[in-house]
>>> print(open('protein.cif').read())   # mmCIF, C-alpha atoms and all ligand atoms
data_my_file
#
loop_
_atom_site.label_atom_id
_atom_site.label_comp_id
_atom_site.auth_asym_id
_atom_site.auth_seq_id
_atom_site.Cartn_x
_atom_site.Cartn_y
_atom_site.Cartn_z
CA MET F 18 101.99 66.44 123.32
CA ALA F 19 104.60 68.84 121.91
CA GLU F 20 103.27 72.18 120.77
CA LYS F 21 102.86 72.32 117.00
CA LYS F 22 104.82 74.83 115.00
CA TRP F 23 101.95 76.50 113.10
CA LYS F 24 98.66 77.45 114.72
CA THR F 25 95.49 78.89 113.21
CA ALA F 26 92.00 79.62 114.49
CA ILE F 27 90.62 80.40 111.02
CA THR F 28 90.03 77.24 109.03
CA ARG F 29 90.31 73.51 109.60
CA HIS F 30 89.67 70.33 107.71
CA ILE F 31 87.87 67.34 109.16
CA GLY F 32 88.03 64.52 106.65
CA HIS F 33 86.98 66.05 103.35
CA GLU F 34 85.03 68.88 104.98
CA THR F 35 86.35 72.44 105.31
CA TYR F 36 85.22 74.56 108.27
CA ILE F 37 85.66 78.33 108.28
CA ARG F 38 85.53 79.78 111.80
CA GLY F 39 83.66 76.61 112.77
CA TYR F 40 81.07 76.77 109.98
CA ARG F 41 80.97 74.16 107.21
CA LEU F 42 82.20 75.89 104.04
CA LEU F 43 79.52 74.19 101.95
CA ASP F 44 76.81 75.66 104.21
CA LEU F 45 78.25 79.13 103.63
CA VAL F 46 78.32 78.69 99.84
CA GLY F 47 75.03 79.98 98.41
CA ASN F 48 73.87 81.27 101.80
CA LEU F 49 76.36 84.06 102.56
CA SER F 50 77.20 87.07 100.42
CA PHE F 51 80.91 87.65 99.78
CA ALA F 52 80.92 90.59 102.21
CA GLN F 53 79.29 88.42 104.91
CA ALA F 54 81.93 85.73 104.38
CA ILE F 55 84.67 88.39 104.61
CA TYR F 56 83.19 89.66 107.89
CA LEU F 57 83.13 86.07 109.22
CA ILE F 58 86.72 85.30 108.27
CA LEU F 59 88.05 88.62 109.65
CA LYS F 60 85.97 88.85 112.82
CA GLY F 61 85.34 85.20 113.60
CA GLU F 62 81.55 85.57 113.88
CA LEU F 63 78.66 85.97 111.45
CA PRO F 64 77.45 89.54 110.86
CA ASN F 65 73.90 90.60 111.65
CA GLU F 66 71.79 92.20 108.92
CA LYS F 67 73.00 95.74 109.62
CA GLU F 68 76.66 94.72 109.81
CA SER F 69 76.25 92.87 106.50
CA LYS F 70 74.80 95.94 104.76
CA MET F 71 77.53 98.18 106.16
CA MET F 72 80.28 95.81 104.96
CA GLU F 73 78.76 95.64 101.47
CA ALA F 74 78.64 99.43 101.28
CA ILE F 75 82.26 99.80 102.44
CA PHE F 76 83.69 97.38 99.90
CA VAL F 77 81.64 98.83 97.03
CA SER F 78 82.73 102.38 97.95
CA VAL F 79 86.41 101.64 97.27
CA ILE F 80 86.12 99.28 94.31
CA ASP F 81 87.79 101.74 91.90
CA HIS F 82 88.66 105.40 91.59
CA GLY F 83 89.78 105.70 87.99
CA ILE F 84 93.00 105.22 86.08
CA ALA F 85 95.00 107.97 87.82
CA PRO F 86 95.83 106.69 91.37
CA PRO F 87 99.37 105.35 91.97
CA SER F 88 98.16 101.75 92.39
CA VAL F 89 96.49 101.67 88.96
CA ILE F 90 99.45 103.37 87.30
CA ALA F 91 101.75 100.79 88.91
CA ALA F 92 99.50 97.84 88.03
CA ARG F 93 99.01 98.88 84.39
CA SER F 94 102.68 99.85 83.91
CA VAL F 95 103.90 96.51 85.21
CA ALA F 96 101.36 94.64 83.07
CA SER F 97 102.44 96.75 80.10
CA GLY F 98 105.99 95.49 80.59
CA GLY F 99 104.79 92.06 79.50
CA ASN F 100 103.73 90.53 82.81
CA SER F 101 100.74 88.40 83.70
CA LEU F 102 97.59 89.39 85.57
CA ASN F 103 98.77 88.36 89.03
CA VAL F 104 102.04 90.27 88.67
CA GLY F 105 100.24 93.46 87.58
CA VAL F 106 97.71 93.21 90.41
CA ALA F 107 100.48 92.55 92.96
CA ALA F 108 102.31 95.68 91.74
CA GLY F 109 99.11 97.68 92.30
CA VAL F 110 98.71 96.35 95.83
CA MET F 111 102.33 97.26 96.56
CA ALA F 112 101.57 100.87 95.68
CA PHE F 113 99.14 101.15 98.61
CA GLY F 114 100.92 103.31 101.14
CA SER F 115 100.32 105.96 103.76
CA ALA F 116 99.06 108.47 101.15
CA HIS F 117 96.88 105.98 99.24
CA GLY F 118 94.77 103.25 100.80
CA GLY F 119 97.18 102.64 103.64
CA ALA F 120 95.86 105.74 105.35
CA LEU F 121 92.95 103.60 106.48
CA GLU F 122 95.10 101.76 109.00
CA ASP F 123 96.67 104.95 110.35
CA ALA F 124 93.25 106.62 110.45
CA MET F 125 91.74 103.73 112.45
CA LYS F 126 94.57 104.01 114.97
CA PHE F 127 94.17 107.79 115.13
CA ILE F 128 90.38 107.59 115.63
CA GLN F 129 90.46 104.69 118.11
CA GLU F 130 93.07 106.47 120.22
CA GLY F 131 91.31 109.81 119.74
CA VAL F 132 87.98 108.72 121.25
CA LYS F 133 89.84 107.55 124.36
CA ASP F 134 92.04 110.65 124.58
CA SER F 135 91.25 112.95 127.51
CA ARG F 136 92.37 116.00 125.52
CA SER F 137 89.95 118.07 123.46
CA VAL F 138 89.67 117.55 119.70
CA GLY F 139 91.18 121.03 119.28
CA GLU F 140 94.28 120.04 121.28
CA ILE F 141 94.73 116.81 119.32
CA VAL F 142 94.48 118.62 115.96
CA SER F 143 96.80 121.45 116.98
CA GLU F 144 99.44 118.94 118.09
CA TYR F 145 99.48 117.43 114.58
CA LEU F 146 99.48 120.81 112.87
CA SER F 147 102.28 122.18 115.03
CA LYS F 148 104.42 119.14 114.17
CA LYS F 149 103.42 119.46 110.48
CA LYS F 150 102.20 115.86 110.60
CA PRO F 151 99.30 115.02 108.23
CA ILE F 152 96.31 113.62 110.09
CA PRO F 153 95.55 110.29 108.43
CA GLY F 154 92.12 110.12 106.77
CA TYR F 155 91.92 113.85 105.97
CA GLY F 156 92.64 115.73 102.77
CA HIS F 157 92.31 114.64 99.15
CA ARG F 158 94.03 115.44 95.87
CA TYR F 159 90.71 116.16 94.08
CA TYR F 160 88.02 116.60 96.70
CA LYS F 161 88.53 119.97 98.34
CA GLU F 162 85.00 120.66 99.71
CA PHE F 163 83.80 117.17 100.62
CA ASP F 164 84.42 113.58 99.58
CA PRO F 165 81.09 112.34 98.16
CA ARG F 166 81.90 108.75 99.17
CA THR F 167 82.30 109.89 102.78
CA LYS F 168 78.87 111.56 102.75
CA ARG F 169 77.22 108.44 101.39
CA LEU F 170 78.96 106.10 103.85
CA MET F 171 78.23 108.33 106.83
CA ASN F 172 74.54 108.49 105.85
CA ILE F 173 74.40 104.71 105.56
CA ALA F 174 76.20 104.40 108.92
CA ARG F 175 73.57 106.71 110.46
CA ASP F 176 70.69 104.66 108.99
CA LEU F 177 72.19 101.37 110.16
CA GLY F 178 73.11 102.55 113.67
CA PHE F 179 76.88 102.73 113.24
CA TYR F 180 77.19 106.45 113.79
CA GLY F 181 78.65 106.64 117.29
CA ASP F 182 81.69 108.02 119.11
CA HIS F 183 84.17 107.14 116.35
CA CYS F 184 82.20 108.75 113.50
CA ARG F 185 81.40 111.79 115.65
CA PHE F 186 85.08 112.20 116.56
CA ALA F 187 86.11 111.86 112.89
CA GLU F 188 83.69 114.60 111.82
CA GLU F 189 84.68 116.85 114.73
CA VAL F 190 88.32 116.59 113.63
CA GLU F 191 87.30 117.66 110.10
CA GLU F 192 85.59 120.76 111.51
CA GLU F 193 88.51 121.50 113.84
CA LEU F 194 91.00 121.20 110.97
CA TYR F 195 88.91 123.75 109.05
CA LYS F 196 88.90 126.07 112.08
CA GLN F 197 92.64 125.82 112.73
CA LYS F 198 93.92 125.55 109.15
CA GLY F 199 91.47 127.97 107.56
CA LYS F 200 90.83 125.60 104.65
CA ARG F 201 88.86 122.41 104.20
CA LEU F 202 90.75 119.16 104.53
CA VAL F 203 87.94 116.73 103.90
CA LEU F 204 87.34 113.55 105.84
CA ASN F 205 88.24 111.27 102.92
CA VAL F 206 86.88 107.81 102.13
CA ASP F 207 89.74 106.13 104.05
CA GLY F 208 88.91 108.21 107.10
CA ALA F 209 85.19 107.51 106.79
CA ILE F 210 85.71 103.76 106.49
CA ALA F 211 88.18 103.93 109.38
CA ALA F 212 85.55 105.59 111.57
CA VAL F 213 82.80 103.13 110.64
CA VAL F 214 84.84 99.92 110.99
CA SER F 215 86.19 101.23 114.30
CA GLU F 216 82.56 101.66 115.35
CA MET F 217 82.02 98.03 114.33
CA GLY F 218 84.80 96.92 116.67
CA PHE F 219 87.57 96.05 114.20
CA ASP F 220 91.24 96.20 115.25
CA TRP F 221 93.12 99.09 113.57
CA ARG F 222 95.84 96.69 112.42
CA LEU F 223 93.31 95.28 109.93
CA GLY F 224 92.89 98.69 108.32
CA LYS F 225 94.82 98.17 105.09
CA GLY F 226 93.02 94.85 104.68
CA PHE F 227 89.68 96.59 104.08
CA PHE F 228 91.19 98.69 101.30
CA ILE F 229 93.01 95.73 99.73
CA ILE F 230 89.87 93.56 99.74
CA GLY F 231 87.73 96.34 98.29
CA ARG F 232 90.16 97.63 95.64
CA VAL F 233 91.61 94.37 94.24
CA PRO F 234 88.58 93.78 91.93
CA GLY F 235 89.24 97.23 90.43
CA LEU F 236 92.92 96.40 89.93
CA VAL F 237 92.04 93.08 88.29
CA ALA F 238 89.73 94.92 85.86
CA HIS F 239 92.43 97.50 85.03
CA VAL F 240 95.17 94.92 84.46
CA PHE F 241 92.83 92.78 82.37
CA GLU F 242 91.92 95.83 80.28
CA GLU F 243 95.60 96.72 79.86
CA LEU F 244 96.50 93.20 78.76
CA THR F 245 93.60 92.78 76.37
CA THR F 246 93.15 96.22 74.81
CA GLU F 247 96.56 97.94 74.93
CA LYS F 248 99.80 97.16 73.16
CA PRO F 249 102.67 95.89 75.35
CA PHE F 250 105.02 98.71 76.39
CA SER F 251 102.30 101.32 75.79
CA LYS F 252 102.70 102.61 79.34
CA ARG F 253 105.76 104.69 78.75
CA LEU F 254 106.27 108.42 78.81
CA ASN F 255 106.92 110.62 75.81
CA GLU F 256 110.27 111.88 77.07
CA GLU F 257 110.14 115.16 75.19
CA GLU F 258 106.56 116.14 75.97
CA GLU F 259 105.99 114.69 79.41
CA THR F 260 109.32 114.77 81.20
CA GLU F 261 111.75 117.42 82.28
CA TYR F 262 115.47 116.84 82.67
CA THR F 263 116.83 118.55 85.80
CA GLY F 264 120.41 117.23 85.84
CA VAL F 265 123.76 118.55 84.60
CA GLU F 266 124.38 119.45 80.94
CA PRO F 267 126.41 117.02 78.78
CA ARG F 268 130.13 116.99 79.78
CA GLU F 269 133.33 115.21 78.83
CA LEU F 270 134.46 112.10 80.72
CA PRO F 271 137.80 113.11 82.36
CA GLU F 272 140.96 111.78 80.68
CA GLU F 273 141.99 109.60 83.68
CA PHE F 274 138.80 107.54 83.30
CA ARG F 275 139.33 106.89 79.60
CA LYS F 276 140.77 103.40 79.20
CA ILE F 277 139.90 102.87 75.57
C1 LIG V 1 95.87 113.09 100.44
C2 LIG V 1 96.97 114.16 100.53
C3 LIG V 1 98.31 113.54 100.07
C4 LIG V 1 96.57 115.34 99.64
O1 LIG V 1 97.57 116.28 99.73
P1 LIG V 1 97.49 117.71 99.00
O2 LIG V 1 96.73 117.61 97.72
O3 LIG V 1 98.89 118.23 98.97
O4 LIG V 1 96.63 118.55 100.01
P2 LIG V 1 96.38 120.10 99.96
O5 LIG V 1 97.11 120.74 98.82
O6 LIG V 1 94.91 120.29 100.01
O7 LIG V 1 97.06 120.56 101.31
C5 LIG V 1 96.92 121.86 101.73
C6 LIG V 1 97.55 122.05 103.07
O8 LIG V 1 96.94 121.21 104.05
C7 LIG V 1 97.92 120.38 104.65
N1 LIG V 1 97.35 119.05 104.81
C8 LIG V 1 96.92 118.22 103.81
N2 LIG V 1 96.44 117.11 104.35
C9 LIG V 1 96.56 117.24 105.69
C10 LIG V 1 96.21 116.40 106.75
N3 LIG V 1 95.68 115.20 106.54
N4 LIG V 1 96.45 116.82 108.01
C11 LIG V 1 97.01 118.02 108.23
N5 LIG V 1 97.36 118.87 107.27
C12 LIG V 1 97.14 118.47 106.00
C13 LIG V 1 99.08 120.38 103.69
O9 LIG V 1 100.29 120.11 104.38
C14 LIG V 1 99.03 121.79 103.16
O10 LIG V 1 99.54 122.64 104.15
P3 LIG V 1 100.25 124.04 103.75
O11 LIG V 1 99.28 124.78 102.89
O12 LIG V 1 100.47 124.71 105.08
O13 LIG V 1 101.52 123.67 103.04
C15 LIG V 1 97.13 114.68 101.98
O14 LIG V 1 95.96 115.36 102.33
C16 LIG V 1 97.45 113.60 102.99
O15 LIG V 1 98.61 113.21 103.13
N6 LIG V 1 96.42 113.13 103.77
C17 LIG V 1 96.64 112.15 104.79
C18 LIG V 1 96.74 110.77 104.20
C19 LIG V 1 95.41 110.28 103.64
O16 LIG V 1 94.37 110.35 104.28
N7 LIG V 1 95.46 109.71 102.42
C20 LIG V 1 94.29 109.11 101.78
C21 LIG V 1 93.82 109.92 100.60
S1 LIG V 1 92.32 109.25 99.93
#
>>> encode(input="protein.cif", output="structure tokens", more="lines below")
Ligand SMILES: CC(C)(COP(=O)(O)OP(=O)(O)OC[C@H]1O[C@@H](n2cnc3c(N)ncnc32)[C@H](O)[C@@H]1OP(=O)(O)O)[C@@H](O)C(=O)NCCC(=O)NCCS
Amino acid sequence: MAEKKWKTAITRHIGHETYIRGYRLLDLVGNLSFAQAIYLILKGELPNEKESKMMEAIFVSVIDHGIAPPSVIAARSVASGGNSLNVGVAAGVMAFGSAHGGALEDAMKFIQEGVKDSRSVGEIVSEYLSKKKPIPGYGHRYYKEFDPRTKRLMNIARDLGFYGDHCRFAEEVEEELYKQKGKRLVLNVDGAIAAVVSEMGFDWRLGKGFFIIGRVPGLVAHVFEELTTEKPFSKRLNEEEETEYTGVEPRELPEEFRKI
């Protein structure tokens, strides 16, 4: 038989039944939490009790972080332009990048490669610093001493048995950064999640997925709030008070360009 064009190992239909990773969807409904179903669809197997609790904690930890991050500004601004909920949420997701949310993927790669690296943590950190490359998963706009979400997640990881080589490496890098830089660049929530999900055996290329799954409910809430409580076009700047013009002063259009 000729090979079919599209292949998937995730979901299939047999008659009217839907099977997710081999399990009947209707058996999952009512029996699995949302986080357990997410683990199943991403990893292909059901989570044990500890894995389930860890997943729940991870998703809850990133559900929202206020109105100020770029993704919420983007989502609410686009909604404010007169767009529907899905368009606003999509704009928010598009704002996830290497400095916001997307760092999770880079941090997973960094940590997974780091634990296998034969060099010392000090050598790895100094290579980044000498090239002036930010180490993904470290540093935060607001948290300058510690990221409280990291503390909480690391404690839960310890309790549930997910504090191993990856978490240890991540915390050693934080200490080494302090030693070499002379100031604290905290292991942020992206870095903490990256360490824990690496410990749980997830591929680093899934990294952004964890942030997207966890943060989309927050974006939905923000866009809904924007659409239902704010006037359209309210997300605009007061040009005089909030913006600064840095261009050239007004000047005359040269004669040769004047046609009328
Ligand atoms: C999040 C981030 C944009 C915050 O930047 P910031 O507010 O400018 O950070 P700070 O003002 O505390 O930076 C102070 C110094 O540390 C350096 N620094 C900041 N984060 C660093 C990192 N992750 N690795 C190495 N050096 C870093 C800065 O370059 C700066 O160096 P300088 O004083 O020699 O110029 C930045 O830390 C970063 O890019 N981190 C990596 C990406 C990441 O994890 N993002 C997720 C955030 S939740």
>>> atom_distance(input="protein.cif", atom1="atom CA of F:Arg158", atom2="atom C4 of ligand LIG 1 (chain V)")
4.5 Å
>>> closest_atom_pairs(input="protein.cif", of="chain F", to="ligand LIG 1 (chain V)", cutoff="8 Å", atoms="only C-alpha atoms and all ligand atoms", output="JSON lines")
{"residue": "F:Ser115", "atom": "CA", "partner": "V:LIG1", "partner_atom": "C18", "distance": 6.0}
{"residue": "F:Ala116", "atom": "CA", "partner": "V:LIG1", "partner_atom": "N7", "distance": 4.0}
{"residue": "F:His117", "atom": "CA", "partner": "V:LIG1", "partner_atom": "C20", "distance": 4.8}
{"residue": "F:Gly118", "atom": "CA", "partner": "V:LIG1", "partner_atom": "C20", "distance": 6.0}
{"residue": "F:Gly119", "atom": "CA", "partner": "V:LIG1", "partner_atom": "C20", "distance": 7.3}
{"residue": "F:Ala120", "atom": "CA", "partner": "V:LIG1", "partner_atom": "C19", "distance": 4.9}
{"residue": "F:Leu121", "atom": "CA", "partner": "V:LIG1", "partner_atom": "O16", "distance": 7.2}
{"residue": "F:Ala124", "atom": "CA", "partner": "V:LIG1", "partner_atom": "O16", "distance": 7.3}
{"residue": "F:Tyr145", "atom": "CA", "partner": "V:LIG1", "partner_atom": "C11", "distance": 6.8}
{"residue": "F:Leu146", "atom": "CA", "partner": "V:LIG1", "partner_atom": "C11", "distance": 6.0}
{"residue": "F:Lys149", "atom": "CA", "partner": "V:LIG1", "partner_atom": "N5", "distance": 6.9}
{"residue": "F:Lys150", "atom": "CA", "partner": "V:LIG1", "partner_atom": "C11", "distance": 6.1}
{"residue": "F:Pro151", "atom": "CA", "partner": "V:LIG1", "partner_atom": "N4", "distance": 3.4}
{"residue": "F:Ile152", "atom": "CA", "partner": "V:LIG1", "partner_atom": "N4", "distance": 3.8}
{"residue": "F:Pro153", "atom": "CA", "partner": "V:LIG1", "partner_atom": "C17", "distance": 4.2}
{"residue": "F:Gly154", "atom": "CA", "partner": "V:LIG1", "partner_atom": "O16", "distance": 3.4}
{"residue": "F:Tyr155", "atom": "CA", "partner": "V:LIG1", "partner_atom": "N3", "distance": 4.0}
{"residue": "F:Gly156", "atom": "CA", "partner": "V:LIG1", "partner_atom": "O14", "distance": 3.4}
{"residue": "F:His157", "atom": "CA", "partner": "V:LIG1", "partner_atom": "C1", "distance": 4.1}
{"residue": "F:Arg158", "atom": "CA", "partner": "V:LIG1", "partner_atom": "O2", "distance": 3.9}
{"residue": "F:Tyr159", "atom": "CA", "partner": "V:LIG1", "partner_atom": "O2", "distance": 7.2}
{"residue": "F:Lys161", "atom": "CA", "partner": "V:LIG1", "partner_atom": "O6", "distance": 6.6}
{"residue": "F:Leu194", "atom": "CA", "partner": "V:LIG1", "partner_atom": "C11", "distance": 7.3}
{"residue": "F:Lys198", "atom": "CA", "partner": "V:LIG1", "partner_atom": "O8", "distance": 7.3}
{"residue": "F:Lys200", "atom": "CA", "partner": "V:LIG1", "partner_atom": "O8", "distance": 7.5}
{"residue": "F:Arg201", "atom": "CA", "partner": "V:LIG1", "partner_atom": "O6", "distance": 7.7}
{"residue": "F:Leu202", "atom": "CA", "partner": "V:LIG1", "partner_atom": "N2", "distance": 6.1}
{"residue": "F:Leu204", "atom": "CA", "partner": "V:LIG1", "partner_atom": "O16", "distance": 7.9}
{"residue": "F:Asn205", "atom": "CA", "partner": "V:LIG1", "partner_atom": "S1", "distance": 5.4}
{"residue": "F:Val206", "atom": "CA", "partner": "V:LIG1", "partner_atom": "S1", "distance": 6.0}
{"residue": "F:Asp207", "atom": "CA", "partner": "V:LIG1", "partner_atom": "S1", "distance": 5.8}
{"residue": "F:Gly208", "atom": "CA", "partner": "V:LIG1", "partner_atom": "O16", "distance": 6.5}
>>> atom_distance(input="protein.cif", atom1="atom CA of F:Phe76", atom2="atom CA of F:Val104")
22.7 Å
>>> residues_around(input="protein.cif", residues="F:Ile80", least_positions_apart="5", cutoff="8 Å", atoms="all atoms listed in the file", output="list of chain:residue names")
F:Gly231, F:Arg232, F:Val233, F:Pro234, F:Gly235
>>> write_last_selection(input="protein.cif", atoms="C-alpha atoms", output="PDB file, keeping the file's coordinate frame")
ATOM      1  CA  GLY F 231      87.730  96.340  98.290  1.00  0.00           C
ATOM      2  CA  ARG F 232      90.160  97.630  95.640  1.00  0.00           C
ATOM      3  CA  VAL F 233      91.610  94.370  94.240  1.00  0.00           C
ATOM      4  CA  PRO F 234      88.580  93.780  91.930  1.00  0.00           C
ATOM      5  CA  GLY F 235      89.240  97.230  90.430  1.00  0.00           C
TER       6      GLY F 235
END
>>> residues_near_point(input="protein.cif", point="(84.9, 77.5, 107.6)", cutoff="12 Å", atoms="only C-alpha atoms", output="PyMOL selection string")
chain F and resi 26-31+34-46+49+54-55+57-59+61-63
>>> write_last_selection(input="protein.cif", atoms="C-alpha atoms", output="short mmCIF file (atom, residue, chain, number, x, y, z; two decimals), keeping the file's coordinate frame")
data_model
loop_
_atom_site.label_atom_id
_atom_site.label_comp_id
_atom_site.auth_asym_id
_atom_site.auth_seq_id
_atom_site.Cartn_x
_atom_site.Cartn_y
_atom_site.Cartn_z
CA ALA F 26 92.00 79.62 114.49
CA ILE F 27 90.62 80.40 111.02
CA THR F 28 90.03 77.24 109.03
CA ARG F 29 90.31 73.51 109.60
CA HIS F 30 89.67 70.33 107.71
CA ILE F 31 87.87 67.34 109.16
CA GLU F 34 85.03 68.88 104.98
CA THR F 35 86.35 72.44 105.31
CA TYR F 36 85.22 74.56 108.27
CA ILE F 37 85.66 78.33 108.28
CA ARG F 38 85.53 79.78 111.80
CA GLY F 39 83.66 76.61 112.77
CA TYR F 40 81.07 76.77 109.98
CA ARG F 41 80.97 74.16 107.21
CA LEU F 42 82.20 75.89 104.04
CA LEU F 43 79.52 74.19 101.95
CA ASP F 44 76.81 75.66 104.21
CA LEU F 45 78.25 79.13 103.63
CA VAL F 46 78.32 78.69 99.84
CA LEU F 49 76.36 84.06 102.56
CA ALA F 54 81.93 85.73 104.38
CA ILE F 55 84.67 88.39 104.61
CA LEU F 57 83.13 86.07 109.22
CA ILE F 58 86.72 85.30 108.27
CA LEU F 59 88.05 88.62 109.65
CA GLY F 61 85.34 85.20 113.60
CA GLU F 62 81.55 85.57 113.88
CA LEU F 63 78.66 85.97 111.45
#
>>> atom_distance(input="protein.cif", atom1="atom CA of F:Tyr160", atom2="atom CA of F:Val203")
7.2 Å
>>> residues_around(input="protein.cif", residues="F:Gly218", least_positions_apart="2", cutoff="12 Å", atoms="all atoms listed in the file", output="PyMOL selection string")
chain F and resi 56+59-60+64+68+125+129+179+181-183+211-216+220-224
>>> closest_residue(input="protein.cif", among="F:His239, F:Arg268, F:Lys126, F:Arg166", to="F:Val79", atoms="all atoms listed in the file")
F:Arg166
>>> closest_residue(input="protein.cif", among="F:Val106, F:Ile84, F:Ala19, F:Ile128", to="F:Arg185", atoms="only C-alpha atoms")
F:Ile128
>>> closest_residue(input="protein.cif", among="F:Lys133, F:His82, F:Lys67, F:Lys252", to="F:Gly99", atoms="all atoms listed in the file")
F:Lys252
>>> closest_residue(input="protein.cif", among="F:Arg253, F:Ser101, F:Ala91, F:Ile210", to="F:Lys225", atoms="all atoms listed in the file")
F:Ile210
>>> residues_around(input="protein.cif", residues="F:Gly139", least_positions_apart="3", cutoff="8 Å", atoms="only C-alpha atoms", output="PyMOL selection string")
chain F and resi 142-143+190+193
>>> closest_residue(input="protein.cif", among="F:Ala112, F:Met171, F:Met217, F:Ala187", to="F:Asn65", atoms="all atoms listed in the file")
F:Met217
